[in-house]
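**Student:** Below is one structure. I have some questions about it.
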Amino acid sequence: MGAFSKSAKVCFEILNELYTAVGAGVLGMAVLLQHGFRSHQTVKCLSVVGITAASLVFVFSRDKPKITANKKKVVMITGCDSGLGFSFAQHAAECGFTVIATFLSLDSKGSKEIKRLYGGYIIQIQLDVTDSTSIQNAVQTMEHYFSKNPGYSLHALVNNAGVMVFGEFEWQTEKLIKRQIDVNLLGTFKLTNAFAYLLRQHKARLVTISSHCALANLPGLTVYGATKAALMSWNDGIRIEMAKYGVQVVTFIPGSFTTESNIMSRQLQNVQDMHDNFTEEQHRFYSEYFKRYNIYLSFLTPPSEPQKIQDENLYKTFENALLDEQPSWLYKHEPWRYTFYHILFKYSPVPLRDYFITKFMQMPEYKPAISMEEDFEEISD
């Protein structure tokens, strides 16, 4: 082999290792170091790892160019009755956007509170994402708004509306399963489909709120997690479809704010619905376990009044999703505990993964029933 061929081979090997290390991140660097020690190419591998580390630090530490928020940029956010939507609508307005917040009911506590705090600075419209007529009314409202405000443009549509039912899959009735699919998945599909032409016309941004349950489906949240995983998969496809039209598609995964929203506001009714639809065999089999399970969940009570989430890092991540000139495909806000556990979930063998998920959830342990079903009224009290 000639000197040129040898040099070309070495360059190719280095570039290949750089590509592997950068793509695989910390894991790739660890593999390369191990390979270097075993093959006695320590200096070369250390050089590659050094360049990789420097590249990763540069990529993740540099600030991305930002868009400036102003009142002529309109952000529409669904599901603002409580929780994330209630909080994001306020924060987007405080950033300087014109915000159009949608509410399942304009008589909800969240709608009234935002009106009290912001008056007409946050525009409110009624929207039920499961109702095609309601969606068309929202589209017409937006069309009318832009016709009356030339120079204004749709900057982002934030798909946030969602519902969650906590309970093992066998317990959930067809109605409860359908509700989660209709709101979380089909509702998002229908709304985005109706607004697609406005997204194209304004070269707007589509931000879809998913969940950590999409990354690792959790026991008790299997239907909810499935809908959120489906949204992530859908976003991957629509991102490519819409890119050629100038529409940027983003997935946003927030942390857990169950106790600060009304996403579980119907949990007690849902539990009653599950219990009422049990067969005699299920009553006998689950009796004491079903009671302990739902008494445990009863401590996850939603706030009596809507409240803005207090989490500066959450809002910073949301701002980046709205304002990064070239947005990432995924924005995640999570405490270190979530990061640690999800790494374990992703890379552990399945039996170990299942063990870690069980520990993460910390739900009551199942014990075979030793007596007939006890009185269920205690849960409802």
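Going through the structure tokens in order, the chains are called A, B, and so on, while each chain numbers its residues from 1 and the ligands are numbered from 1 in the order shown.
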Counting only C-alpha atoms, which residues in segment 191-231 of chain A sit no more than 10 Å from segment 336-343 of chain A? For each one, give the nearest pair of atoms and the distance in Å, sorted by chain then residue number, as CSV.

**Tutor:**
residue,atom,partner,partner_atom,distance
A:His212,CA,A:Tyr338,CA,8.4
A:Leu215,CA,A:His342,CA,7.8
A:Ala216,CA,A:His342,CA,7.4

**Student:** With N, CA, C and O atoms retained, write the just-selected residues as a PDB file, in the first residue's frame.

**Tutor:**
ATOM      1  N   HIS A 212     -43.091  12.573  29.034  1.00  0.00           N
ATOM      2  CA  HIS A 212     -42.071  11.568  29.325  1.00  0.00           C
ATOM      3  C   HIS A 212     -42.638  10.158  29.194  1.00  0.00           C
ATOM      4  O   HIS A 212     -41.884   9.205  28.987  1.00  0.00           O
ATOM      5  N   LEU A 215     -41.603   8.388  26.117  1.00  0.00           N
ATOM      6  CA  LEU A 215     -40.255   7.826  26.059  1.00  0.00           C
ATOM      7  C   LEU A 215     -40.200   6.467  26.735  1.00  0.00           C
ATOM      8  O   LEU A 215     -39.419   5.594  26.333  1.00  0.00           O
ATOM      9  N   ALA A 216     -40.988   6.293  27.776  1.00  0.00           N
ATOM     10  CA  ALA A 216     -41.086   5.011  28.480  1.00  0.00           C
ATOM     11  C   ALA A 216     -42.497   4.908  29.038  1.00  0.00           C
ATOM     12  O   ALA A 216     -42.852   5.625  29.968  1.00  0.00           O
TER      13      ALA A 216
END

**Student:** Set the distance at 10 Å and use only C-alpha atoms: which residues neighbour Met361 of chain A once local chain neighbours fewer than 2 positions away are removed? I'd like the list as a list of chain:residue names.

**Tutor:**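 The residues that qualify are A:Leu218, A:Pro219, A:Gly220, A:Phe356, A:Ile357, A:Thr358, A:Lys359, A:Met363, A:Pro364.
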
**Student:** For the residues selected in the previous step, produce a file with C-alpha atoms as a short mmCIF file (atom, residue, chain, number, x, y, z; two decimals), in the first residue's frame.

**Tutor:**
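selection.cif, freshly written:
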data_model
loop_
_atom_site.label_atom_id
_atom_site.label_comp_id
_atom_site.auth_asym_id
_atom_site.auth_seq_id
_atom_site.Cartn_x
_atom_site.Cartn_y
_atom_site.Cartn_z
CA LEU A 218 -45.58 3.56 32.54
CA PRO A 219 -47.92 1.17 34.33
CA GLY A 220 -51.20 2.86 35.16
CA PHE A 356 -36.52 0.32 37.60
CA ILE A 357 -39.90 1.49 36.25
CA THR A 358 -41.68 -0.17 39.17
CA LYS A 359 -39.38 1.63 41.60
CA MET A 363 -47.33 2.36 43.32
CA PRO A 364 -48.96 0.09 45.93
#

**Student:** What does the structure give for the distance between atom CA of Val250 of chain A and atom CA of Leu322 of chain A, in Å to one decimal?

**Tutor:** 9.2 Å

**Student:** What residues in segment 140-247 of chain A get the DSSP label helix (DSSP H, G or I)? Please answer as JSON, numbers by chain.

**Tutor:** {"A": [140, 141, 142, 143, 144, 145, 146, 147, 148, 169, 170, 171, 174, 175, 176, 177, 178, 179, 180, 181, 182, 183, 184, 185, 186, 187, 188, 189, 190, 191, 192, 193, 194, 195, 196, 197, 198, 199, 200, 201, 202, 212, 213, 214, 222, 223, 224, 225, 226, 227, 228, 229, 230, 231, 232, 233, 234, 235, 236, 237, 238, 239, 240, 241, 242, 243]}

**Student:** Would you please extract all strand (DSSP E or B) residues from segment 117-267 of chain A, as assigned by DSSP on the backbone, and give them as a PyMOL selection string?

**Tutor:** chain A and resi 122-126+153-159+205-209+248-253

**Student:** Which is closest to Ile122 of chain A among A:Ala89, A:Ala138, A:Leu104, A:Leu297, if we use only C-alpha atoms?

**Tutor:**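 Residue with the minimum atom-to-atom distance to Ile122 of chain A: A:Ala89.
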
**Student:** Please indicate the distance in Å from atom CA of Lys190 of chain A to atom CA of Gln136 of chain A, rounded to one decimal place.

**Tutor:**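 Spanning atom CA of Lys190 of chain A to atom CA of Gln136 of chain A is a straight-line distance of 10.0 Å.
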
**Student:** What gap, in Å, lies between atom CA of Thr208 of chain A and atom CA of Tyr121 of chain A?

**Tutor:**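 If I compute the distance from atom CA of Thr208 of chain A to atom CA of Tyr121 of chain A, I get 23.6 Å.
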
**Student:** Smallest atom-to-atom distance to Glu319 of chain A: which of A:Arg179, A:Arg353, A:His91, A:Lys64, using only C-alpha atoms?

**Tutor:**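 For Glu319 of chain A, the nearest of the given residues is A:His91.
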
**Student:** Between A:Phe278, A:Gly85, A:Pro368, A:Ala101, which one has atoms that come closest to Ile309 of chain A, using only C-alpha atoms?

**Tutor:**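 Smallest separation from Ile309 of chain A among the options: A:Gly85.
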
**Student:** What lies within 9 Å of Ser298 of chain A using only C-alpha atoms, ignoring chain neighbours under 4 positions off, as a PyMOL selection string?

**Tutor:** chain A and resi 267-268+293-294+379

**Student:** Please produce a file of those selected residues containing all heavy atoms, as a PDB file, in the first residue's frame.

**Tutor:**
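Wrote again_15.pdb, looks like this:
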ATOM      1  N   GLN A 267     -60.511  12.278  37.960  1.00  0.00           N
ATOM      2  CA  GLN A 267     -60.006  10.967  38.370  1.00  0.00           C
ATOM      3  C   GLN A 267     -60.980  10.219  39.278  1.00  0.00           C
ATOM      4  O   GLN A 267     -61.173   9.010  39.124  1.00  0.00           O
ATOM      5  CB  GLN A 267     -58.639  11.112  39.055  1.00  0.00           C
ATOM      6  CG  GLN A 267     -57.991   9.796  39.451  1.00  0.00           C
ATOM      7  CD  GLN A 267     -57.658   8.887  38.280  1.00  0.00           C
ATOM      8  OE1 GLN A 267     -57.552   9.325  37.140  1.00  0.00           O
ATOM      9  NE2 GLN A 267     -57.499   7.596  38.557  1.00  0.00           N
ATOM     10  N   LEU A 268     -61.601  10.920  40.217  1.00  0.00           N
ATOM     11  CA  LEU A 268     -62.536  10.243  41.117  1.00  0.00           C
ATOM     12  C   LEU A 268     -63.721   9.665  40.344  1.00  0.00           C
ATOM     13  O   LEU A 268     -64.130   8.513  40.585  1.00  0.00           O
ATOM     14  CB  LEU A 268     -63.024  11.219  42.187  1.00  0.00           C
ATOM     15  CG  LEU A 268     -63.905  10.605  43.284  1.00  0.00           C
ATOM     16  CD1 LEU A 268     -63.175   9.478  44.002  1.00  0.00           C
ATOM     17  CD2 LEU A 268     -64.350  11.675  44.276  1.00  0.00           C
ATOM     18  N   TYR A 293     -54.818   1.111  45.728  1.00  0.00           N
ATOM     19  CA  TYR A 293     -54.271   1.793  44.546  1.00  0.00           C
ATOM     20  C   TYR A 293     -54.867   3.189  44.413  1.00  0.00           C
ATOM     21  O   TYR A 293     -54.152   4.181  44.231  1.00  0.00           O
ATOM     22  CB  TYR A 293     -54.595   0.943  43.316  1.00  0.00           C
ATOM     23  CG  TYR A 293     -53.945   1.362  42.008  1.00  0.00           C
ATOM     24  CD1 TYR A 293     -52.846   0.680  41.517  1.00  0.00           C
ATOM     25  CD2 TYR A 293     -54.467   2.397  41.243  1.00  0.00           C
ATOM     26  CE1 TYR A 293     -52.274   1.016  40.297  1.00  0.00           C
ATOM     27  CE2 TYR A 293     -53.898   2.751  40.037  1.00  0.00           C
ATOM     28  CZ  TYR A 293     -52.797   2.052  39.559  1.00  0.00           C
ATOM     29  OH  TYR A 293     -52.238   2.406  38.361  1.00  0.00           O
ATOM     30  N   ASN A 294     -56.174   3.276  44.548  1.00  0.00           N
ATOM     31  CA  ASN A 294     -56.845   4.558  44.318  1.00  0.00           C
ATOM     32  C   ASN A 294     -56.832   5.474  45.531  1.00  0.00           C
ATOM     33  O   ASN A 294     -56.895   6.695  45.378  1.00  0.00           O
ATOM     34  CB  ASN A 294     -58.268   4.301  43.810  1.00  0.00           C
ATOM     35  CG  ASN A 294     -58.261   3.786  42.387  1.00  0.00           C
ATOM     36  OD1 ASN A 294     -57.912   4.517  41.462  1.00  0.00           O
ATOM     37  ND2 ASN A 294     -58.591   2.516  42.200  1.00  0.00           N
ATOM     38  N   ILE A 379     -63.287   5.103  49.117  1.00  0.00           N
ATOM     39  CA  ILE A 379     -62.545   5.836  48.086  1.00  0.00           C
ATOM     40  C   ILE A 379     -63.286   7.103  47.700  1.00  0.00           C
ATOM     41  O   ILE A 379     -62.707   8.149  47.442  1.00  0.00           O
ATOM     42  CB  ILE A 379     -62.333   4.945  46.838  1.00  0.00           C
ATOM     43  CG1 ILE A 379     -61.502   3.718  47.216  1.00  0.00           C
ATOM     44  CG2 ILE A 379     -61.643   5.717  45.734  1.00  0.00           C
ATOM     45  CD1 ILE A 379     -61.328   2.746  46.078  1.00  0.00           C
TER      46      ILE A 379
END

**Student:** I want to know what sits within 6 Å of Ala204 of chain A, based on only C-alpha atoms, with residues of the same chain fewer than 3 positions away left out; could you give that as a PDB file with all heavy atoms, in the first residue's frame?

**Tutor:**
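Produced file out12.pdb, reproduced below:
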ATOM      1  N   LEU A 154     -49.375  34.357  12.145  1.00  0.00           N
ATOM      2  CA  LEU A 154     -49.374  33.228  13.071  1.00  0.00           C
ATOM      3  C   LEU A 154     -47.927  32.762  13.237  1.00  0.00           C
ATOM      4  O   LEU A 154     -47.302  32.299  12.296  1.00  0.00           O
ATOM      5  CB  LEU A 154     -50.244  32.092  12.524  1.00  0.00           C
ATOM      6  CG  LEU A 154     -50.321  30.823  13.379  1.00  0.00           C
ATOM      7  CD1 LEU A 154     -50.940  31.117  14.741  1.00  0.00           C
ATOM      8  CD2 LEU A 154     -51.112  29.727  12.647  1.00  0.00           C
ATOM      9  N   HIS A 155     -47.419  32.892  14.438  1.00  0.00           N
ATOM     10  CA  HIS A 155     -46.044  32.453  14.710  1.00  0.00           C
ATOM     11  C   HIS A 155     -45.999  30.999  15.137  1.00  0.00           C
ATOM     12  O   HIS A 155     -45.108  30.250  14.725  1.00  0.00           O
ATOM     13  CB  HIS A 155     -45.413  33.323  15.800  1.00  0.00           C
ATOM     14  CG  HIS A 155     -44.041  32.855  16.195  1.00  0.00           C
ATOM     15  ND1 HIS A 155     -42.948  32.952  15.359  1.00  0.00           N
ATOM     16  CD2 HIS A 155     -43.590  32.265  17.345  1.00  0.00           C
ATOM     17  CE1 HIS A 155     -41.885  32.450  15.971  1.00  0.00           C
ATOM     18  NE2 HIS A 155     -42.245  32.016  17.171  1.00  0.00           N
ATOM     19  N   ALA A 156     -46.956  30.569  15.981  1.00  0.00           N
ATOM     20  CA  ALA A 156     -46.932  29.188  16.470  1.00  0.00           C
ATOM     21  C   ALA A 156     -48.320  28.726  16.882  1.00  0.00           C
ATOM     22  O   ALA A 156     -49.114  29.500  17.416  1.00  0.00           O
ATOM     23  CB  ALA A 156     -45.977  29.052  17.655  1.00  0.00           C
ATOM     24  N   LEU A 199     -50.815  27.453   8.812  1.00  0.00           N
ATOM     25  CA  LEU A 199     -49.413  27.208   9.146  1.00  0.00           C
ATOM     26  C   LEU A 199     -48.535  27.407   7.914  1.00  0.00           C
ATOM     27  O   LEU A 199     -47.453  28.008   7.987  1.00  0.00           O
ATOM     28  CB  LEU A 199     -49.239  25.784   9.692  1.00  0.00           C
ATOM     29  CG  LEU A 199     -49.853  25.495  11.069  1.00  0.00           C
ATOM     30  CD1 LEU A 199     -49.871  23.988  11.342  1.00  0.00           C
ATOM     31  CD2 LEU A 199     -49.082  26.212  12.171  1.00  0.00           C
ATOM     32  N   VAL A 247     -42.664  25.319   7.366  1.00  0.00           N
ATOM     33  CA  VAL A 247     -43.262  25.117   8.686  1.00  0.00           C
ATOM     34  C   VAL A 247     -42.306  24.292   9.541  1.00  0.00           C
ATOM     35  O   VAL A 247     -41.876  23.209   9.132  1.00  0.00           O
ATOM     36  CB  VAL A 247     -44.621  24.403   8.580  1.00  0.00           C
ATOM     37  CG1 VAL A 247     -45.207  24.152   9.968  1.00  0.00           C
ATOM     38  CG2 VAL A 247     -45.589  25.219   7.730  1.00  0.00           C
TER      39      VAL A 247
END
